[in-house]
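As provided, coords.txt (compact mmCIF, C-alpha atoms) reads as follows.
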```txt
# COMPACT_ATOMS: atom_id res chain seq x y z
CA MET A 9 -190.01 89.92 57.93
CA THR A 10 -191.22 91.81 54.91
CA LYS A 11 -193.44 94.73 55.48
CA GLN A 12 -194.98 94.88 52.09
CA SER A 13 -198.37 94.86 53.69
CA GLU A 14 -197.53 98.04 55.57
CA GLY A 15 -196.46 99.66 52.38
CA HIS A 16 -192.73 100.10 52.93
CA LEU A 17 -189.59 98.12 52.27
CA THR A 18 -187.64 96.63 55.13
CA THR A 19 -184.15 97.79 55.95
CA GLU A 20 -182.97 94.31 55.11
CA GLN A 21 -184.39 94.59 51.64
CA LEU A 22 -182.75 97.96 51.15
CA SER A 23 -179.46 96.70 52.53
CA ALA A 24 -179.53 93.65 50.31
CA LEU A 25 -180.45 95.85 47.38
CA LEU A 26 -177.25 97.83 47.88
CA ASP A 27 -175.29 94.60 47.66
CA LYS A 28 -177.35 93.24 44.78
CA GLN A 29 -178.33 90.32 46.94
CA LEU A 30 -182.06 90.31 46.19
CA SER A 31 -183.67 87.48 44.32
CA ALA A 32 -185.12 88.41 40.96
CA GLN A 33 -188.60 88.32 42.40
CA GLU A 34 -187.69 90.51 45.36
CA GLN A 35 -185.79 92.85 43.11
CA ALA A 36 -188.87 93.44 41.00
CA ILE A 37 -191.01 94.19 44.04
CA VAL A 38 -188.43 96.54 45.51
CA ASP A 39 -187.87 98.36 42.24
CA ALA A 40 -191.56 98.85 41.79
CA HIS A 41 -191.97 100.17 45.29
CA LEU A 42 -189.06 102.57 45.05
CA GLN A 43 -190.59 104.06 41.91
CA THR A 44 -193.51 105.30 43.93
CA CYS A 45 -192.23 105.74 47.48
CA GLN A 46 -190.15 108.80 48.27
CA GLN A 47 -189.67 107.71 51.88
CA CYS A 48 -188.06 104.41 50.94
CA ARG A 49 -185.85 106.14 48.38
CA LEU A 50 -184.58 108.39 51.14
CA ALA A 51 -184.06 105.46 53.44
CA LEU A 52 -182.07 103.76 50.73
CA ALA A 53 -180.00 106.90 50.19
CA GLU A 54 -179.19 107.14 53.88
CA LEU A 55 -178.20 103.52 54.07
CA ARG A 56 -176.06 103.95 50.98
CA GLN A 57 -174.43 106.97 52.57
CA THR A 58 -173.55 104.93 55.64
CA VAL A 59 -172.01 102.24 53.48
CA VAL A 60 -170.07 104.86 51.51
CA MET A 61 -168.54 106.12 54.74
CA LEU A 62 -167.59 102.61 55.83
CA ARG A 63 -165.98 101.90 52.48
CA ALA A 64 -164.07 105.17 52.68
CA LEU A 65 -162.29 104.03 55.82
CA PRO A 66 -158.64 103.66 54.86
CA GLN A 67 -156.77 100.39 55.09
CA VAL A 68 -154.22 100.76 57.85
CA GLU A 69 -150.65 99.67 57.24
CA VAL A 70 -149.49 96.84 59.48
CA PRO A 71 -147.30 98.16 62.29
CA ARG A 72 -144.87 95.25 61.87
CA SER A 73 -144.56 91.95 60.14
CA PHE A 74 -146.46 89.09 61.74
CA THR A 75 -144.32 86.32 60.33
CA LEU A 76 -143.57 83.54 62.74
CA PRO A 77 -140.09 82.84 64.10
CA ALA A 78 -138.19 80.04 62.39
CA ARG A 79 -137.66 78.22 65.67
CA LEU A 80 -141.28 77.17 65.40
CA ALA A 81 -140.07 74.71 62.76
CA ILE A 82 -137.96 72.86 65.30
CA VAL A 83 -140.93 72.54 67.57
CA GLN A 84 -143.10 71.47 64.70
CA GLU A 85 -140.75 68.71 63.59
CA SER A 86 -140.79 66.66 66.74
CA PRO A 87 -144.19 64.98 66.28
CA ALA A 88 -144.93 62.95 63.21
CA PRO A 89 -146.23 65.04 60.30
CA GLY A 90 -149.87 64.44 59.70
CA HIS A 91 -150.82 64.67 63.30
CA ALA A 92 -153.74 66.98 63.49
CA GLY A 93 -152.86 69.17 66.36
CA ASN A 94 -149.25 69.93 66.42
CA PRO A 95 -149.58 72.95 68.58
CA ALA A 96 -146.67 75.14 67.68
CA GLY A 97 -148.17 77.92 69.68
CA ILE A 98 -148.77 75.66 72.61
CA ALA A 99 -145.21 74.45 72.34
CA ILE A 100 -143.97 78.00 72.60
CA THR A 101 -146.07 78.80 75.60
CA ALA A 102 -145.29 75.43 77.16
CA ARG A 103 -141.61 76.04 76.79
CA ARG A 104 -142.00 79.50 78.18
CA ARG A 105 -144.05 78.15 81.02
CA ALA A 106 -141.49 75.41 81.74
CA ARG A 107 -138.75 78.01 81.88
CA ARG A 108 -140.85 80.07 84.23
CA ASN A 109 -141.57 77.03 86.36
CA SER A 110 -137.92 76.09 86.72
CA LEU A 111 -137.10 79.69 87.55
CA GLN A 112 -139.81 79.60 90.14
CA LEU A 113 -138.43 76.38 91.57
CA VAL A 114 -134.94 77.83 91.88
CA PHE A 115 -136.39 80.91 93.46
CA ARG A 116 -138.30 78.86 95.97
CA ALA A 117 -135.32 76.68 96.80
CA VAL A 118 -133.20 79.76 97.43
CA SER A 119 -135.98 81.23 99.55
CA THR A 120 -136.23 78.04 101.58
CA LEU A 121 -132.49 78.00 102.10
CA ALA A 122 -132.56 81.63 103.16
CA ALA A 123 -135.41 80.93 105.57
CA VAL A 124 -133.58 78.01 107.18
CA LEU A 125 -130.37 79.98 107.46
CA GLY A 126 -132.18 82.94 108.87
CA LEU A 127 -133.92 80.83 111.50
CA ILE A 128 -130.70 79.12 112.49
CA LEU A 129 -128.92 82.45 112.79
CA ILE A 130 -131.70 83.94 114.87
CA LEU A 131 -131.81 80.85 117.10
CA SER A 132 -128.06 80.94 117.51
CA PHE A 133 -128.37 84.56 118.56
CA PHE A 134 -130.84 83.66 121.26
CA ALA A 135 -128.77 80.68 122.26
CA THR A 136 -125.62 82.75 122.64
CA ALA A 137 -126.90 86.08 123.73
CA LEU A 138 -129.76 85.34 126.07
CA PRO A 139 -128.33 82.97 128.64
CA ASN A 140 -125.26 85.15 129.24
CA ARG A 141 -125.57 88.73 128.26
CA GLY A 142 -121.97 89.64 128.59
CA ALA A 143 -120.45 86.83 126.63
CA THR A 144 -119.71 88.76 123.52
CA ASN A 145 -116.03 88.15 123.77
CA MET A 146 -116.67 84.42 123.86
CA ALA A 147 -118.42 84.55 120.60
CA SER A 148 -115.53 86.34 119.03
CA SER A 149 -113.06 83.74 120.16
CA GLY A 150 -115.09 80.79 118.87
CA SER A 151 -114.86 79.22 115.50
CA ALA A 152 -116.37 82.23 113.83
CA PRO A 153 -113.17 83.90 112.64
CA ALA A 154 -112.19 80.81 110.75
CA VAL A 155 -115.13 81.32 108.43
CA ALA A 156 -115.26 85.07 108.55
CA PRO A 157 -116.51 85.93 105.09
CA GLY A 158 -115.48 88.71 102.85
CA THR A 159 -118.70 89.13 100.96
CA SER A 160 -122.29 88.60 101.77
CA THR A 161 -122.75 85.82 99.21
CA HIS A 162 -119.86 84.03 100.79
CA ASN A 163 -121.64 84.62 103.97
CA ALA A 164 -124.68 82.70 102.88
CA SER A 165 -122.77 79.68 101.66
CA THR A 166 -120.38 79.36 104.56
CA ALA A 167 -123.00 80.08 107.12
CA THR A 168 -124.51 76.66 106.54
CA GLN A 169 -121.70 75.09 108.42
CA HIS A 170 -121.10 77.85 110.81
CA PRO A 171 -124.32 78.16 112.78
CA THR A 172 -124.55 74.44 113.39
CA THR A 173 -121.01 74.12 114.52
CA GLY A 174 -121.31 77.35 116.34
CA ALA A 175 -124.40 76.20 118.13
CA GLY A 176 -122.73 72.96 119.07
CA THR A 177 -119.36 74.18 120.18
CA GLN A 178 -120.27 77.59 121.34
CA PRO A 179 -121.65 78.39 124.71
CA GLY A 180 -125.33 78.47 123.79
CA VAL A 181 -126.17 74.82 123.52
CA GLY A 182 -122.99 73.28 124.75
CA SER A 183 -122.41 74.58 128.24
CA PRO A 184 -123.83 77.82 129.40
CA SER A 185 -122.38 77.27 132.83
CA VAL A 186 -118.86 77.10 131.50
CA THR A 187 -119.16 80.33 129.62
CA GLY A 188 -120.60 81.90 132.70
CA VAL A 189 -117.48 80.92 134.58
CA GLN A 190 -115.16 81.99 131.84
CA THR A 191 -116.48 85.51 131.73
CA PRO A 192 -116.16 87.01 135.11
CA THR A 193 -116.05 90.60 133.96
CA PRO A 194 -118.85 91.71 131.66
CA THR A 195 -116.79 94.49 130.21
CA PRO A 196 -118.20 95.88 127.02
CA THR A 197 -115.66 95.31 124.31
CA PRO A 198 -116.93 96.82 121.10
CA PRO A 199 -113.53 97.16 119.39
CA GLN A 200 -113.04 93.41 119.59
CA VAL A 201 -116.03 92.91 117.43
CA VAL A 202 -114.24 94.41 114.47
CA LYS A 203 -110.77 93.11 115.10
CA SER A 204 -111.39 89.43 115.25
CA PRO A 205 -108.18 87.75 116.19
CA PRO A 206 -106.46 86.08 113.23
CA ARG A 207 -105.98 82.39 113.63
CA SER A 208 -103.32 80.35 111.98
CA THR A 209 -105.82 77.97 110.41
CA GLY A 210 -108.21 80.41 108.81
CA PRO A 211 -107.77 82.49 105.71
CA PRO A 212 -106.61 86.06 106.13
CA VAL A 213 -109.45 87.88 107.73
CA GLN A 214 -110.52 90.96 105.89
CA PRO A 215 -111.91 93.88 107.73
CA SER A 216 -115.59 93.71 107.04
CA PRO A 217 -118.55 95.77 108.21
CA ALA A 218 -119.89 94.80 111.57
CA VAL A 219 -123.15 93.59 110.12
CA PHE A 220 -121.49 90.96 107.97
CA ASP A 221 -119.25 89.80 110.72
CA LEU A 222 -120.70 86.56 111.97
CA SER A 223 -118.61 86.66 115.10
CA THR A 224 -121.15 88.63 117.10
CA PRO A 225 -124.50 87.23 118.15
CA SER A 226 -126.25 90.48 117.32
CA SER A 227 -125.08 90.19 113.74
CA HIS A 228 -126.57 86.70 113.72
CA LEU A 229 -129.87 88.26 114.61
CA VAL A 230 -129.57 90.96 111.96
CA ILE A 231 -128.47 88.66 109.16
CA GLY A 232 -130.93 86.02 110.27
CA SER A 233 -133.88 88.36 110.15
CA VAL A 234 -132.76 89.86 106.84
CA LEU A 235 -132.57 86.37 105.36
CA LEU A 236 -135.97 85.54 106.81
CA VAL A 237 -137.54 88.66 105.35
CA LEU A 238 -135.92 87.96 101.98
CA SER A 239 -137.21 84.40 101.99
CA ILE A 240 -140.72 85.55 102.85
CA LEU A 241 -140.51 88.03 99.99
CA GLY A 242 -139.30 85.25 97.74
CA PHE A 243 -142.24 83.06 98.63
CA ALA A 244 -144.68 85.87 98.23
CA LEU A 245 -143.31 86.64 94.76
CA THR A 246 -143.43 83.08 93.54
CA ARG A 247 -146.84 82.41 94.92
CA ARG A 248 -148.41 85.31 93.10
CA ARG A 249 -147.87 83.72 89.69
CA MET B 7 -156.68 86.01 41.53
CA ALA B 8 -154.77 84.25 38.83
CA GLU B 9 -154.82 80.49 38.65
CA SER B 10 -151.09 80.28 39.15
CA GLY B 11 -151.49 82.42 42.25
CA GLN B 12 -154.04 80.03 43.68
CA GLU B 13 -151.84 77.13 42.76
CA SER B 14 -148.95 78.55 44.66
CA GLU B 15 -151.17 79.39 47.61
CA LEU B 16 -152.23 75.76 47.76
CA GLN B 17 -148.58 74.73 47.62
CA LEU B 18 -147.80 77.05 50.49
CA ILE B 19 -150.67 75.63 52.51
CA ILE B 20 -149.51 72.05 51.92
CA ARG B 21 -145.96 72.93 52.90
CA SER B 22 -147.29 74.70 55.98
CA GLN B 23 -149.23 71.58 56.88
CA ASN B 24 -145.93 69.72 56.79
CA GLY B 25 -144.49 72.13 59.30
CA ASP B 26 -142.73 74.52 56.94
CA VAL B 27 -142.72 77.84 58.75
CA SER B 28 -141.18 79.76 55.87
CA ALA B 29 -144.02 78.64 53.61
CA PHE B 30 -146.53 79.67 56.20
CA ASN B 31 -144.80 83.01 56.57
CA GLU B 32 -145.40 83.67 52.88
CA LEU B 33 -149.08 83.20 53.59
CA VAL B 34 -148.72 85.55 56.54
CA LEU B 35 -147.25 88.21 54.28
CA LEU B 36 -150.11 87.72 51.83
CA TYR B 37 -152.84 88.10 54.42
CA GLN B 38 -151.47 90.07 57.34
CA GLN B 39 -152.76 93.39 56.02
CA MET B 40 -156.31 92.12 55.75
CA VAL B 41 -156.24 90.21 59.02
CA TYR B 42 -154.82 93.16 60.88
CA ASN B 43 -157.39 95.56 59.44
CA VAL B 44 -160.31 93.29 60.24
CA ILE B 45 -159.13 92.95 63.82
CA LEU B 46 -158.32 96.63 64.12
CA ARG B 47 -161.81 97.63 62.95
CA MET B 48 -163.37 95.15 65.31
CA LEU B 49 -161.36 96.17 68.37
CA GLY B 50 -160.39 99.76 67.66
CA ASN B 51 -156.97 99.69 69.32
CA ALA B 52 -153.80 99.39 67.24
CA ASP B 53 -151.63 97.74 69.89
CA VAL B 54 -154.29 95.24 70.85
CA ALA B 55 -154.98 94.56 67.18
CA ALA B 56 -151.31 93.80 66.61
CA ASP B 57 -151.24 91.32 69.48
CA VAL B 58 -154.45 89.63 68.39
CA THR B 59 -153.16 89.47 64.82
CA GLN B 60 -150.03 87.72 66.00
CA ASP B 61 -152.13 85.31 68.05
CA THR B 62 -154.26 84.68 64.99
CA PHE B 63 -151.30 83.61 62.86
CA ILE B 64 -149.89 81.42 65.61
CA ALA B 65 -153.30 79.78 66.02
CA ALA B 66 -153.58 79.43 62.25
CA PHE B 67 -150.21 77.73 61.96
CA ARG B 68 -151.11 75.49 64.83
CA GLY B 69 -154.36 74.49 63.21
CA VAL B 70 -153.36 74.57 59.56
CA GLN B 71 -153.67 70.78 59.47
CA THR B 72 -157.40 71.18 59.93
CA PHE B 73 -157.75 73.33 56.82
CA ARG B 74 -159.40 71.39 54.04
CA GLY B 75 -158.58 72.13 50.47
CA GLY B 76 -161.35 73.23 48.17
CA THR B 77 -162.53 75.92 50.53
CA SER B 78 -161.35 79.47 50.82
CA PHE B 79 -158.18 79.79 52.84
CA ARG B 80 -158.93 83.48 53.27
CA ALA B 81 -162.31 82.70 54.82
CA TRP B 82 -160.70 80.07 57.04
CA LEU B 83 -158.06 82.53 58.20
CA LEU B 84 -160.57 85.31 58.74
CA ARG B 85 -162.67 82.97 60.83
CA ILE B 86 -159.74 82.45 63.16
CA ALA B 87 -159.09 86.20 63.16
CA SER B 88 -162.67 87.15 63.95
CA ASN B 89 -162.91 84.45 66.61
CA GLN B 90 -159.72 85.71 68.24
CA ALA B 91 -161.02 89.28 68.11
CA CYS B 92 -164.41 88.27 69.53
CA ASP B 93 -162.75 86.29 72.30
CA TYR B 94 -160.62 89.28 73.17
CA TRP B 95 -163.61 91.58 73.16
CA ARG B 96 -165.63 89.29 75.40
CA ARG B 97 -162.74 88.94 77.80
CA THR B 98 -162.30 92.68 78.12
CA HIS B 99 -165.92 93.81 77.87
CA ARG B 100 -167.97 92.22 80.57
CA HIS B 101 -171.22 93.76 79.39
CA PRO B 102 -171.80 92.33 75.95
CA ILE B 103 -174.40 94.09 73.86
CA GLU B 104 -177.03 91.62 72.89
CA SER B 105 -178.33 91.59 69.38
CA LEU B 106 -181.89 91.57 70.53
CA ASP B 107 -181.94 94.58 72.79
CA ILE B 108 -182.59 97.17 70.14
CA MET B 109 -184.28 95.02 67.57
CA ALA B 110 -187.28 97.25 67.94
CA ASP B 111 -185.24 100.24 66.82
CA GLU B 112 -183.95 98.45 63.82
CA ASP B 113 -187.25 97.14 62.64
CA GLU B 114 -189.26 100.25 63.09
CA PRO B 115 -190.68 101.66 59.88
CA HIS B 116 -188.69 104.43 58.35
CA GLY B 117 -190.10 107.42 60.11
CA ALA B 118 -190.06 110.79 58.52
CA GLY B 119 -187.81 111.96 61.37
CA ILE B 120 -184.82 109.91 60.42
CA LEU B 121 -185.39 109.50 56.77
CA SER B 122 -185.87 112.61 54.83
CA SER B 123 -183.63 114.25 52.36
CA LEU B 124 -179.96 113.55 52.09
CA ALA B 125 -177.25 115.80 50.82
CA ALA B 126 -175.38 113.23 48.84
CA SER B 127 -171.68 113.65 48.40
CA ASP B 128 -171.88 112.45 44.82
CA GLN B 129 -174.05 115.42 43.98
CA GLU B 130 -171.61 117.89 45.39
CA GLY B 131 -168.75 115.95 43.94
CA ASN B 132 -166.14 117.41 46.22
CA PRO B 133 -163.11 115.13 45.89
CA GLU B 134 -161.45 116.53 48.99
CA GLU B 135 -164.18 115.09 51.12
CA ALA B 136 -163.68 111.66 49.71
CA LEU B 137 -160.99 111.34 52.33
CA LEU B 138 -162.54 110.97 55.72
CA SER B 139 -161.27 113.30 58.36
CA GLN B 140 -159.58 111.79 61.36
CA GLU B 141 -162.54 112.79 63.51
CA LEU B 142 -164.97 111.07 61.18
CA GLN B 143 -162.87 107.93 61.08
CA GLU B 144 -162.88 107.84 64.84
CA LEU B 145 -166.61 108.38 64.92
CA ILE B 146 -167.20 105.47 62.56
CA GLN B 147 -164.81 103.35 64.60
CA GLN B 148 -166.77 104.16 67.75
CA ALA B 149 -169.98 103.29 65.97
CA LEU B 150 -168.53 99.93 64.93
CA GLU B 151 -167.57 99.17 68.49
CA GLU B 152 -171.17 99.75 69.54
CA LEU B 153 -172.33 96.92 67.32
CA PRO B 154 -172.98 93.45 68.66
CA LEU B 155 -170.10 91.19 67.69
CA ASP B 156 -171.96 89.15 65.08
CA GLN B 157 -173.10 92.29 63.27
CA ARG B 158 -169.69 93.89 63.64
CA VAL B 159 -167.95 90.96 62.00
CA ALA B 160 -170.44 90.94 59.16
CA VAL B 161 -170.23 94.69 58.51
CA VAL B 162 -166.45 94.81 58.73
CA LEU B 163 -166.07 91.92 56.33
CA CYS B 164 -168.68 93.25 53.92
CA ASP B 165 -168.31 97.00 53.89
CA ILE B 166 -164.70 97.48 54.94
CA GLN B 167 -163.06 94.41 53.42
CA GLY B 168 -165.48 93.98 50.55
CA LEU B 169 -166.12 90.27 50.97
CA SER B 170 -169.08 88.66 49.26
CA TYR B 171 -172.04 87.39 51.24
CA GLU B 172 -170.98 83.86 50.34
CA GLU B 173 -167.51 84.35 51.74
CA ILE B 174 -168.86 86.01 54.87
CA ALA B 175 -171.17 83.05 55.36
CA ALA B 176 -168.18 80.73 54.99
CA THR B 177 -166.15 82.81 57.41
CA THR B 178 -168.83 83.03 60.07
CA GLN B 179 -170.21 79.55 59.35
CA THR B 180 -173.73 80.82 58.93
CA THR B 181 -176.28 80.97 56.15
CA LEU B 182 -176.64 83.67 53.51
CA GLY B 183 -179.88 84.74 55.12
CA THR B 184 -178.17 85.27 58.46
CA VAL B 185 -175.41 87.24 56.80
CA ARG B 186 -177.92 89.44 55.02
CA SER B 187 -179.79 90.05 58.25
CA ARG B 188 -176.67 90.83 60.27
CA ILE B 189 -175.33 93.24 57.69
CA SER B 190 -178.65 94.98 57.48
CA ARG B 191 -179.04 95.34 61.22
CA GLY B 192 -175.44 96.42 61.61
CA ARG B 193 -175.76 99.09 58.96
CA THR B 194 -179.00 100.33 60.45
CA ARG B 195 -177.40 100.68 63.83
CA LEU B 196 -174.45 102.48 62.34
CA ARG B 197 -176.74 104.84 60.49
CA LYS B 198 -178.59 105.59 63.69
CA TYR B 199 -175.34 106.16 65.57
CA LEU B 200 -174.03 108.48 62.89
CA TYR B 201 -177.34 110.29 62.82
CA ASP B 202 -177.18 110.75 66.58
CA HIS B 203 -173.74 112.28 66.13
CA ARG B 204 -174.55 114.13 62.95
CA GLU B 205 -173.08 117.38 64.22
CA LEU B 206 -169.66 115.75 63.85
CA LEU B 207 -170.20 114.76 60.25
CA PRO B 208 -168.84 116.88 57.43
CA ARG B 209 -171.59 118.48 55.40
CA SER B 210 -171.34 116.12 52.48
CA TYR B 211 -171.85 113.11 54.72
CA ARG B 212 -174.56 114.62 56.83
CA LEU B 213 -177.79 112.73 56.98
CA HIS B 214 -180.13 115.66 56.60
CA THR B 215 -182.97 114.41 58.63
CA ASP B 216 -182.84 117.48 60.81
CA ARG B 217 -183.78 119.70 57.95
CA GLU B 218 -187.48 119.22 58.41
```
Could I get this file's structure written as structure tokens?
Amino acid sequence: MTKQSEGHLTTEQLSALLDKQLSAQEQAIVDAHLQTCQQCRLALAELRQTVVMLRALPQVEVPRSFTLPARLAIVQESPAPGHAGNPAGIAITARRRARRNSLQLVFRAVSTLAAVLGLILILSFFATALPNRGATNMASSGSAPAVAPGTSTHNASTATQHPTTGAGTQPGVGSPSVTGVQTPTPTPTPPQVVKSPPRSTGPPVQPSPAVFDLSTPSSHLVIGSVLLVLSILGFALTRRR
Amino acid sequence: MAESGQESELQLIIRSQNGDVSAFNELVLLYQQMVYNVILRMLGNADVAADVTQDTFIAAFRGVQTFRGGTSFRAWLLRIASNQACDYWRRTHRHPIESLDIMADEDEPHGAGILSSLAASDQEGNPEEALLSQELQELIQQALEELPLDQRVAVVLCDIQGLSYEEIAATTQTTLGTVRSRISRGRTRLRKYLYDHRELLPRSYRLHTDRE
């Protein structure tokens, strides 16, 4: 590495000289050379200047304290002391990850539920609406008013029972022929959609927007597809992680 | 450092090894300034440096069982810090600068072009210029970030933190000869970088190779 033969000192020698890291023998050689060589003196001066600039860089104050939270102690206590790798940091991330996983699970379960509900609602729409186009009044006189919900969340929970019973008892699956007979006049009755007749068994029916009213097949389709879209979104969001 | 100080540091380490977070936090308070500055000079970004510093102390607490007494705790901690910083740098910089690629530059004899006279600040003795301007600090920071990681660690520990070659060797788990070589090559690169940007240097720091 040394370039004594070429007549000049190496940068490494000069650098080590600045830090007083030369062996006594090297030091003597370098000193002797510097006495006679202007070029190496200049090289040394430049290197020194660079080091001076580096040393002049200020120490930056810490932006915050980096002390660890005390809850790490709880994590640390669980394994026997003396175990080499009690990964406090891993414990934190593991806990965080577990929380995220359970959140993800809940999210997925809700999405699945929403997807099933949505499909059932959409199917019930096709079952009720397609075979007999004019049977809207039938739908309104079915079991729907009994479970007519006030809020949309209610909607989701009660709808689990409704579409199945609705599909069974209502015209769609049960007897399309009967409904066909029962509705001789396909008169459009939009007002009936809103004023669902109050039954003695059901809770007081609140006037709700047409969309949330499960009594019409078209609302089944709307709510069903909304639920389906929401569930797809839910799956997409959880999968990305 | 006083003997009592070392004694208490050892106590804190032992308590930390038994899972005492508050003891470890006293060590954090002792060393966070140095750890943060090493990481900041290596990475150049304050927010990133803060995150990596936090990761360093979490990793240190996690691995404090592996620390063996009789060696320098500071070197042990700085090893974790520099490893964390290097890992971060490698993750975010997909084109690592190899140490070898400009070896030729570094080993070339001192040509008259680069090495001529120098207007030394000590000769002018202007105390106002002892403080580096913001621009100059940024220039030096940029120069540091151009260094290969092994040289950067060595130069930051030596010239910015003032560690001895022995402690740098302990930190980087290398030999004294390697430390000497890395520091030398790092400084040479820095000098070249600063020379290439000499128009940004204040007069007292200017490397007057352009005078000839």
- Query: To one decimal place, how far is atom CA of B:Glu205 from atom CA of B:Gly192 in Å?
  - Reply: 21.3 Å
- A:Lys28, A:Arg63, A:Arg56, A:His41 ranked by distance to chain B, top pick (using all atoms listed in the file):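 Selected residue with least distance to chain B: A:Arg63.
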- Give as a ChimeraX atom specification the set of residues within 12 Å of the point (-156.0, 103.0, 68.9), where distances use the file's coordinates and only C-alpha atoms. /A:68,71 /B:45-56,143-144,147-148
- Message: For a test of reading the model, state the distance in Å between atom CA of A:Ser23 and atom CA of B:Leu206, rounded to one decimal.
- Response: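 Interatomic distance here is 24.2 Å.
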- Task: Within 8 Å of B:Gln90, counting all atoms listed in the file, which residues show up once you throw out same-chain ones fewer than 3 positions away? Write them as a VMD selection string, please.
- Result: chain B and resid 58 61 to 62 86 to 87 93 to 94
Just write the chosen residues, C-alpha atoms, as a PDB file, keeping the file's coordinate frame.
```pdb
ATOM      1  CA  VAL B  58    -154.450  89.630  68.390  1.00  0.00           C
ATOM      2  CA  ASP B  61    -152.130  85.310  68.050  1.00  0.00           C
ATOM      3  CA  THR B  62    -154.260  84.680  64.990  1.00  0.00           C
ATOM      4  CA  ILE B  86    -159.740  82.450  63.160  1.00  0.00           C
ATOM      5  CA  ALA B  87    -159.090  86.200  63.160  1.00  0.00           C
ATOM      6  CA  ASP B  93    -162.750  86.290  72.300  1.00  0.00           C
ATOM      7  CA  TYR B  94    -160.620  89.280  73.170  1.00  0.00           C
TER       8      TYR B  94
END
```
- Message: Which residues are near A:Arg116? Cut-off 9 Å, all atoms listed in the file, ignore same chain within fewer than 3 positions. Put them as a VMD selection string.
- Response: chain A and resid 111 to 113 119 to 121 239 242 to 243 246
Just the selected residues (C-alpha atoms), exported as a PDB file, in the frame of the given file, please.
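Now in again.pdb:
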```
ATOM      1  CA  LEU A 111    -137.100  79.690  87.550  1.00  0.00           C
ATOM      2  CA  GLN A 112    -139.810  79.600  90.140  1.00  0.00           C
ATOM      3  CA  LEU A 113    -138.430  76.380  91.570  1.00  0.00           C
ATOM      4  CA  SER A 119    -135.980  81.230  99.550  1.00  0.00           C
ATOM      5  CA  THR A 120    -136.230  78.040 101.580  1.00  0.00           C
ATOM      6  CA  LEU A 121    -132.490  78.000 102.100  1.00  0.00           C
ATOM      7  CA  SER A 239    -137.210  84.400 101.990  1.00  0.00           C
ATOM      8  CA  GLY A 242    -139.300  85.250  97.740  1.00  0.00           C
ATOM      9  CA  PHE A 243    -142.240  83.060  98.630  1.00  0.00           C
ATOM     10  CA  THR A 246    -143.430  83.080  93.540  1.00  0.00           C
TER      11      THR A 246
END
```
- Kindly provide, as a ChimeraX atom specification, the polymer residues lying within 9 Å of (-173.7, 97.7, 65.5), counting all atoms listed in the file and using the coordinates exactly as they appear in the file. /B:105,149-158,161,191-196,199
- Atom pair atom CA of B:Ile19 + atom CA of A:Ala78, distance 16.5 Å
- Item | Interface, chain B side, toward chain A (6 Å; all atoms listed in the file) as a list in words |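 Interface list for chain B against chain A: Asn24, Gly25, Val27, Asn31, Val34, Gln39, Gln60, Ile64, Arg68, Gln71, Leu121, Ser122, Asp165, Ile166, Ser190 and Arg197 of chain B.
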- Message: Report as JSON, numbers by chain all protein, DNA and RNA residues lying within 8 Å of A:Phe133, evaluated on only C-alpha atoms, omitting residues in the same chain fewer than 5 positions from it.
- Response: {"A": [138, 225, 226, 228, 229]}
- Task: Kindly indicate which residue among B:Ile189, B:Leu182, B:Ala66, B:Val162 lies nearest to B:Gln38, using all atoms listed in the file for the distances.
- Result: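 Result for the nearest residue to B:Gln38: B:Ala66.
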- Nearest residue to B:Ser187 from the set B:Phe73, B:Tyr37, B:Tyr171, B:Trp82 (distances using all atoms listed in the file): B:Tyr171
- Message: My list of candidates is A:Ser233, A:Gln43, A:Gln33, A:Thr224. Which is closest to A:Thr136 when distances are computed with all atoms listed in the file?
- Response: A:Thr224
